[in-house]
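Worksheet: one structure, shown below.
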Amino acid sequence: MSYIQSIYHIVFRTYKSEQTISAEHERELYAVIMEQTNNLHGKIYRIGGMPDHVHILVSLPATTSLAQYVQAVKTFTSKWLKANPAFPHFCGWGHEYAALSYSIHDKDKIVNYIKGQKEHHKRVSFAEEYRALLVDCGIAIREEYFLKD
């Protein structure tokens with residue numbers, strides 16, 4: 001038996017940061033993400049976001065790589081969103097994503113951060129938030145690719 005605890009704060013945005021996820025229907029999208037995560041034997045701690053991006057705090061099993069998980073979620077939800085009349089302007093997800101690893105001891109802090117998205121974005125744009133998350137985790141940003149689709 002192997003014992004593994006991997007927790008990721010994953011952030012991805014809509015294509016060109018278009019405001020296509022309405023607050024009225026966002027919970028439908030989150031339910032689909034949760035279902036896809038359950039199918040991959042992951043555990044969601046929190047999902048939240050804004051009309052142009054999604055945050056997921058998830059624990060993944062050893063059998064599912066981070067890249068497999070993100071690809072599966074983005075592919076499945078993209079098809080679902082495009083077919084759903086509640087999201088008529090959704091064109092797709094942006095190419096890049098952030099996946100930041102955390103300790104189980106940071107879980108409550110990240111859950112609260114995701115819960116506070118609506119309030120947070122009254123003061124901070126997605127680009128500012130995304131940049132700060134990357135910098136805080138020591139990730140070098142290549143400006144020629146930053147938020148380019």
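Here, A, B, ... name the chains of the structure tokens in the order displayed, residue numbers run from 1 inside each chain, and ligands are numbered from 1 in the same displayed order.
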For this session: Show which residues sit within 8 Å of Val54 of chain A, as JSON, numbers by chain. Count only C-alpha atoms, and ignore same-chain residues fewer than 2 positions away.
Result: {"A": [11, 12, 13, 47, 48, 49, 50, 52, 56]}
Considering only C-alpha atoms, tabulate each residue of segment 64-138 of chain A that lies at most 9 Å from segment 145-148 of chain A along with its nearest interatomic pair and the corresponding distance in Å to one decimal; arrange the rows by chain and ascending residue number and present them as JSON lines.
{"residue": "A:Gly94", "atom": "CA", "partner": "A:Leu147", "partner_atom": "CA", "distance": 7.9}
{"residue": "A:His95", "atom": "CA", "partner": "A:Lys148", "partner_atom": "CA", "distance": 8.0}
{"residue": "A:Glu96", "atom": "CA", "partner": "A:Leu147", "partner_atom": "CA", "distance": 7.4}
{"residue": "A:Ala127", "atom": "CA", "partner": "A:Leu147", "partner_atom": "CA", "distance": 7.7}
{"residue": "A:Arg131", "atom": "CA", "partner": "A:Phe146", "partner_atom": "CA", "distance": 8.7}
Please write the residues from the selection above to a file, keeping all heavy atoms, as a short mmCIF file (atom, residue, chain, number, x, y, z; two decimals), in the first residue's frame.
data_model
loop_
_atom_site.label_atom_id
_atom_site.label_comp_id
_atom_site.auth_asym_id
_atom_site.auth_seq_id
_atom_site.Cartn_x
_atom_site.Cartn_y
_atom_site.Cartn_z
N GLY A 94 -9.04 28.62 -22.19
CA GLY A 94 -7.71 29.09 -22.57
C GLY A 94 -6.73 27.92 -22.54
O GLY A 94 -6.97 26.90 -21.90
N HIS A 95 -5.62 28.07 -23.24
CA HIS A 95 -4.66 26.98 -23.35
C HIS A 95 -3.93 26.69 -22.04
O HIS A 95 -3.70 25.54 -21.70
CB HIS A 95 -3.64 27.27 -24.44
CG HIS A 95 -4.24 27.34 -25.80
ND1 HIS A 95 -4.81 26.25 -26.43
CD2 HIS A 95 -4.39 28.38 -26.66
CE1 HIS A 95 -5.28 26.61 -27.60
NE2 HIS A 95 -5.04 27.90 -27.77
N GLU A 96 -3.55 27.72 -21.33
CA GLU A 96 -2.74 27.49 -20.14
C GLU A 96 -3.60 27.27 -18.91
O GLU A 96 -4.80 27.50 -18.91
CB GLU A 96 -1.75 28.63 -19.91
CG GLU A 96 -2.32 30.02 -19.96
CD GLU A 96 -1.28 31.09 -19.75
OE1 GLU A 96 -0.41 31.28 -20.63
OE2 GLU A 96 -1.35 31.74 -18.70
N ALA A 127 -6.05 38.79 -14.32
CA ALA A 127 -4.63 38.83 -14.70
C ALA A 127 -3.76 39.14 -13.48
O ALA A 127 -2.71 38.51 -13.29
CB ALA A 127 -4.40 39.85 -15.80
N ARG A 131 -1.18 36.32 -11.93
CA ARG A 131 0.23 36.68 -11.81
C ARG A 131 0.69 36.52 -10.36
O ARG A 131 1.74 35.94 -10.09
CB ARG A 131 0.45 38.11 -12.30
CG ARG A 131 1.91 38.56 -12.25
CD ARG A 131 2.06 39.99 -12.77
NE ARG A 131 1.67 40.13 -14.15
CZ ARG A 131 2.43 39.81 -15.20
NH1 ARG A 131 3.63 39.31 -15.01
NH2 ARG A 131 1.99 39.97 -16.43
#
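Residues in contact with segment 71-74 of chain A at 9 Å, where only C-alpha atoms are counted and same-chain residues fewer than 4 positions away are skipped, are listed as Phe12, Val32, Ile33, Gln36, Thr37, Leu40, Leu66, Ala67, Ser78, Lys79, Gly92 and Trp93 of chain A.
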The selected residues should be written to file as an mmCIF file, in the first residue's frame (atoms: N, CA and C atoms).
data_model
loop_
_atom_site.group_PDB
_atom_site.id
_atom_site.type_symbol
_atom_site.label_atom_id
_atom_site.label_comp_id
_atom_site.auth_asym_id
_atom_site.auth_seq_id
_atom_site.Cartn_x
_atom_site.Cartn_y
_atom_site.Cartn_z
ATOM 1 N N PHE A 12 -7.965 27.746 -14.235
ATOM 2 C CA PHE A 12 -7.948 27.918 -15.684
ATOM 3 C C PHE A 12 -9.047 28.889 -16.074
ATOM 4 N N VAL A 32 -20.662 19.374 -12.838
ATOM 5 C CA VAL A 32 -20.052 18.561 -13.894
ATOM 6 C C VAL A 32 -18.578 18.323 -13.586
ATOM 7 N N ILE A 33 -17.881 19.347 -13.097
ATOM 8 C CA ILE A 33 -16.472 19.187 -12.709
ATOM 9 C C ILE A 33 -16.371 18.174 -11.568
ATOM 10 N N GLN A 36 -16.888 14.652 -12.960
ATOM 11 C CA GLN A 36 -15.695 14.209 -13.697
ATOM 12 C C GLN A 36 -14.571 13.852 -12.722
ATOM 13 N N THR A 37 -14.419 14.644 -11.668
ATOM 14 C CA THR A 37 -13.398 14.377 -10.654
ATOM 15 C C THR A 37 -13.682 13.057 -9.940
ATOM 16 N N LEU A 40 -12.636 10.131 -11.861
ATOM 17 C CA LEU A 40 -11.176 9.943 -11.850
ATOM 18 C C LEU A 40 -10.660 9.632 -10.445
ATOM 19 N N LEU A 66 -1.631 14.873 -12.845
ATOM 20 C CA LEU A 66 -2.190 16.222 -12.877
ATOM 21 C C LEU A 66 -2.587 16.607 -14.304
ATOM 22 N N ALA A 67 -1.715 16.353 -15.251
ATOM 23 C CA ALA A 67 -2.005 16.692 -16.652
ATOM 24 C C ALA A 67 -3.219 15.922 -17.174
ATOM 25 N N SER A 78 -15.701 21.490 -21.646
ATOM 26 C CA SER A 78 -15.799 22.293 -22.868
ATOM 27 C C SER A 78 -16.917 21.776 -23.766
ATOM 28 N N LYS A 79 -16.947 20.475 -23.967
ATOM 29 C CA LYS A 79 -18.009 19.875 -24.782
ATOM 30 C C LYS A 79 -19.375 20.116 -24.141
ATOM 31 N N GLY A 92 -14.651 28.071 -25.433
ATOM 32 C CA GLY A 92 -13.621 27.105 -25.040
ATOM 33 C C GLY A 92 -12.829 27.635 -23.864
ATOM 34 N N TRP A 93 -11.887 26.813 -23.420
ATOM 35 C CA TRP A 93 -10.989 27.208 -22.338
ATOM 36 C C TRP A 93 -9.696 27.748 -22.919
#
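Straight-line separation from atom CA of Ile141 of chain A to atom CA of Ala98 of chain A: 11.3 Å.
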For this session: Just the helix (DSSP H, G or I) stuff from segment 61-101 of chain A, please, per backbone DSSP, written as number ranges by chain.
Result: A: 66-83
Please produce an output containing N, CA, C and O atoms for each residue in the selection, written as an mmCIF file, in the first residue's frame.
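What follows is the written file result.cif:
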data_model
loop_
_atom_site.group_PDB
_atom_site.id
_atom_site.type_symbol
_atom_site.label_atom_id
_atom_site.label_comp_id
_atom_site.auth_asym_id
_atom_site.auth_seq_id
_atom_site.Cartn_x
_atom_site.Cartn_y
_atom_site.Cartn_z
ATOM 1 N N LEU A 66 -1.631 14.873 -12.845
ATOM 2 C CA LEU A 66 -2.190 16.222 -12.877
ATOM 3 C C LEU A 66 -2.587 16.607 -14.304
ATOM 4 O O LEU A 66 -3.687 17.104 -14.538
ATOM 5 N N ALA A 67 -1.715 16.353 -15.251
ATOM 6 C CA ALA A 67 -2.005 16.692 -16.652
ATOM 7 C C ALA A 67 -3.219 15.922 -17.174
ATOM 8 O O ALA A 67 -4.059 16.489 -17.877
ATOM 9 N N GLN A 68 -3.332 14.642 -16.821
ATOM 10 C CA GLN A 68 -4.497 13.845 -17.231
ATOM 11 C C GLN A 68 -5.776 14.445 -16.652
ATOM 12 O O GLN A 68 -6.791 14.538 -17.346
ATOM 13 N N TYR A 69 -5.712 14.820 -15.392
ATOM 14 C CA TYR A 69 -6.889 15.375 -14.726
ATOM 15 C C TYR A 69 -7.341 16.672 -15.401
ATOM 16 O O TYR A 69 -8.508 16.819 -15.760
ATOM 17 N N VAL A 70 -6.423 17.600 -15.583
ATOM 18 C CA VAL A 70 -6.785 18.894 -16.174
ATOM 19 C C VAL A 70 -7.302 18.692 -17.593
ATOM 20 O O VAL A 70 -8.314 19.285 -17.976
ATOM 21 N N GLN A 71 -6.641 17.853 -18.369
ATOM 22 C CA GLN A 71 -7.107 17.607 -19.730
ATOM 23 C C GLN A 71 -8.507 17.012 -19.730
ATOM 24 O O GLN A 71 -9.374 17.427 -20.496
ATOM 25 N N ALA A 72 -8.741 16.037 -18.859
ATOM 26 C CA ALA A 72 -10.057 15.400 -18.802
ATOM 27 C C ALA A 72 -11.135 16.398 -18.406
ATOM 28 O O ALA A 72 -12.210 16.438 -19.025
ATOM 29 N N VAL A 73 -10.874 17.203 -17.405
ATOM 30 C CA VAL A 73 -11.872 18.175 -16.944
ATOM 31 C C VAL A 73 -12.121 19.240 -18.003
ATOM 32 O O VAL A 73 -13.275 19.555 -18.318
ATOM 33 N N LYS A 74 -11.067 19.798 -18.568
ATOM 34 C CA LYS A 74 -11.254 20.849 -19.568
ATOM 35 C C LYS A 74 -11.941 20.310 -20.823
ATOM 36 O O LYS A 74 -12.822 20.973 -21.372
ATOM 37 N N THR A 75 -11.569 19.128 -21.278
ATOM 38 C CA THR A 75 -12.174 18.551 -22.484
ATOM 39 C C THR A 75 -13.656 18.253 -22.260
ATOM 40 O O THR A 75 -14.510 18.648 -23.061
ATOM 41 N N PHE A 76 -13.954 17.559 -21.162
ATOM 42 C CA PHE A 76 -15.341 17.184 -20.891
ATOM 43 C C PHE A 76 -16.217 18.415 -20.688
ATOM 44 O O PHE A 76 -17.301 18.514 -21.261
ATOM 45 N N THR A 77 -15.752 19.360 -19.868
ATOM 46 C CA THR A 77 -16.584 20.540 -19.595
ATOM 47 C C THR A 77 -16.712 21.441 -20.816
ATOM 48 O O THR A 77 -17.753 22.065 -21.005
ATOM 49 N N SER A 78 -15.701 21.490 -21.646
ATOM 50 C CA SER A 78 -15.799 22.293 -22.868
ATOM 51 C C SER A 78 -16.917 21.776 -23.766
ATOM 52 O O SER A 78 -17.749 22.547 -24.255
ATOM 53 N N LYS A 79 -16.947 20.475 -23.967
ATOM 54 C CA LYS A 79 -18.009 19.875 -24.782
ATOM 55 C C LYS A 79 -19.375 20.116 -24.141
ATOM 56 O O LYS A 79 -20.346 20.448 -24.826
ATOM 57 N N TRP A 80 -19.448 19.927 -22.823
ATOM 58 C CA TRP A 80 -20.705 20.101 -22.102
ATOM 59 C C TRP A 80 -21.185 21.553 -22.180
ATOM 60 O O TRP A 80 -22.366 21.814 -22.460
ATOM 61 N N LEU A 81 -20.282 22.491 -21.967
ATOM 62 C CA LEU A 81 -20.651 23.912 -22.006
ATOM 63 C C LEU A 81 -21.119 24.337 -23.403
ATOM 64 O O LEU A 81 -22.091 25.076 -23.534
ATOM 65 N N LYS A 82 -20.430 23.882 -24.434
ATOM 66 C CA LYS A 82 -20.802 24.248 -25.808
ATOM 67 C C LYS A 82 -22.173 23.699 -26.192
ATOM 68 O O LYS A 82 -22.868 24.298 -27.007
ATOM 69 N N ALA A 83 -22.546 22.563 -25.589
ATOM 70 C CA ALA A 83 -23.839 21.952 -25.906
ATOM 71 C C ALA A 83 -24.969 22.461 -25.003
ATOM 72 O O ALA A 83 -26.136 22.168 -25.263
#
Exercise. Can you list every residue in segment 80-142 of chain A that DSSP puts in strand (DSSP E), as a PyMOL selection string?
Worked result: chain A and resi 93-102
For this session: Determine, counting only C-alpha atoms, which protein, DNA and RNA residues have an atom within 12 Å of an atom of Glu24 of chain A; residues of the same chain fewer than 4 positions away are not included. Present the result as a PyMOL selection string.
Result: chain A and resi 20+28-30+50-51+86-87
For this session: Quick one: pull the distance between atom CA of His25 of chain A and atom CA of Leu57 of chain A, Å, one decimal.
Result: 19.9 Å
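Summary of the local environment: counting only C-alpha atoms, residues at most 9 Å from segment 103-110 of chain A, other than itself and those fewer than 3 positions away along its chain, are Gln5, Ser6, Ile7, Tyr8, His9, Tyr45, Arg46, Leu57, Tyr113, Ile114 and Lys115 of chain A.
In this structure, atom CA of Gln117 of chain A sits 22.1 Å away from atom CA of Glu35 of chain A.
Nearest residue to Gly42 of chain A among A:Thr14, A:Ser65, A:Ser101, A:Ser125 is A:Ser65, counting only C-alpha atoms.
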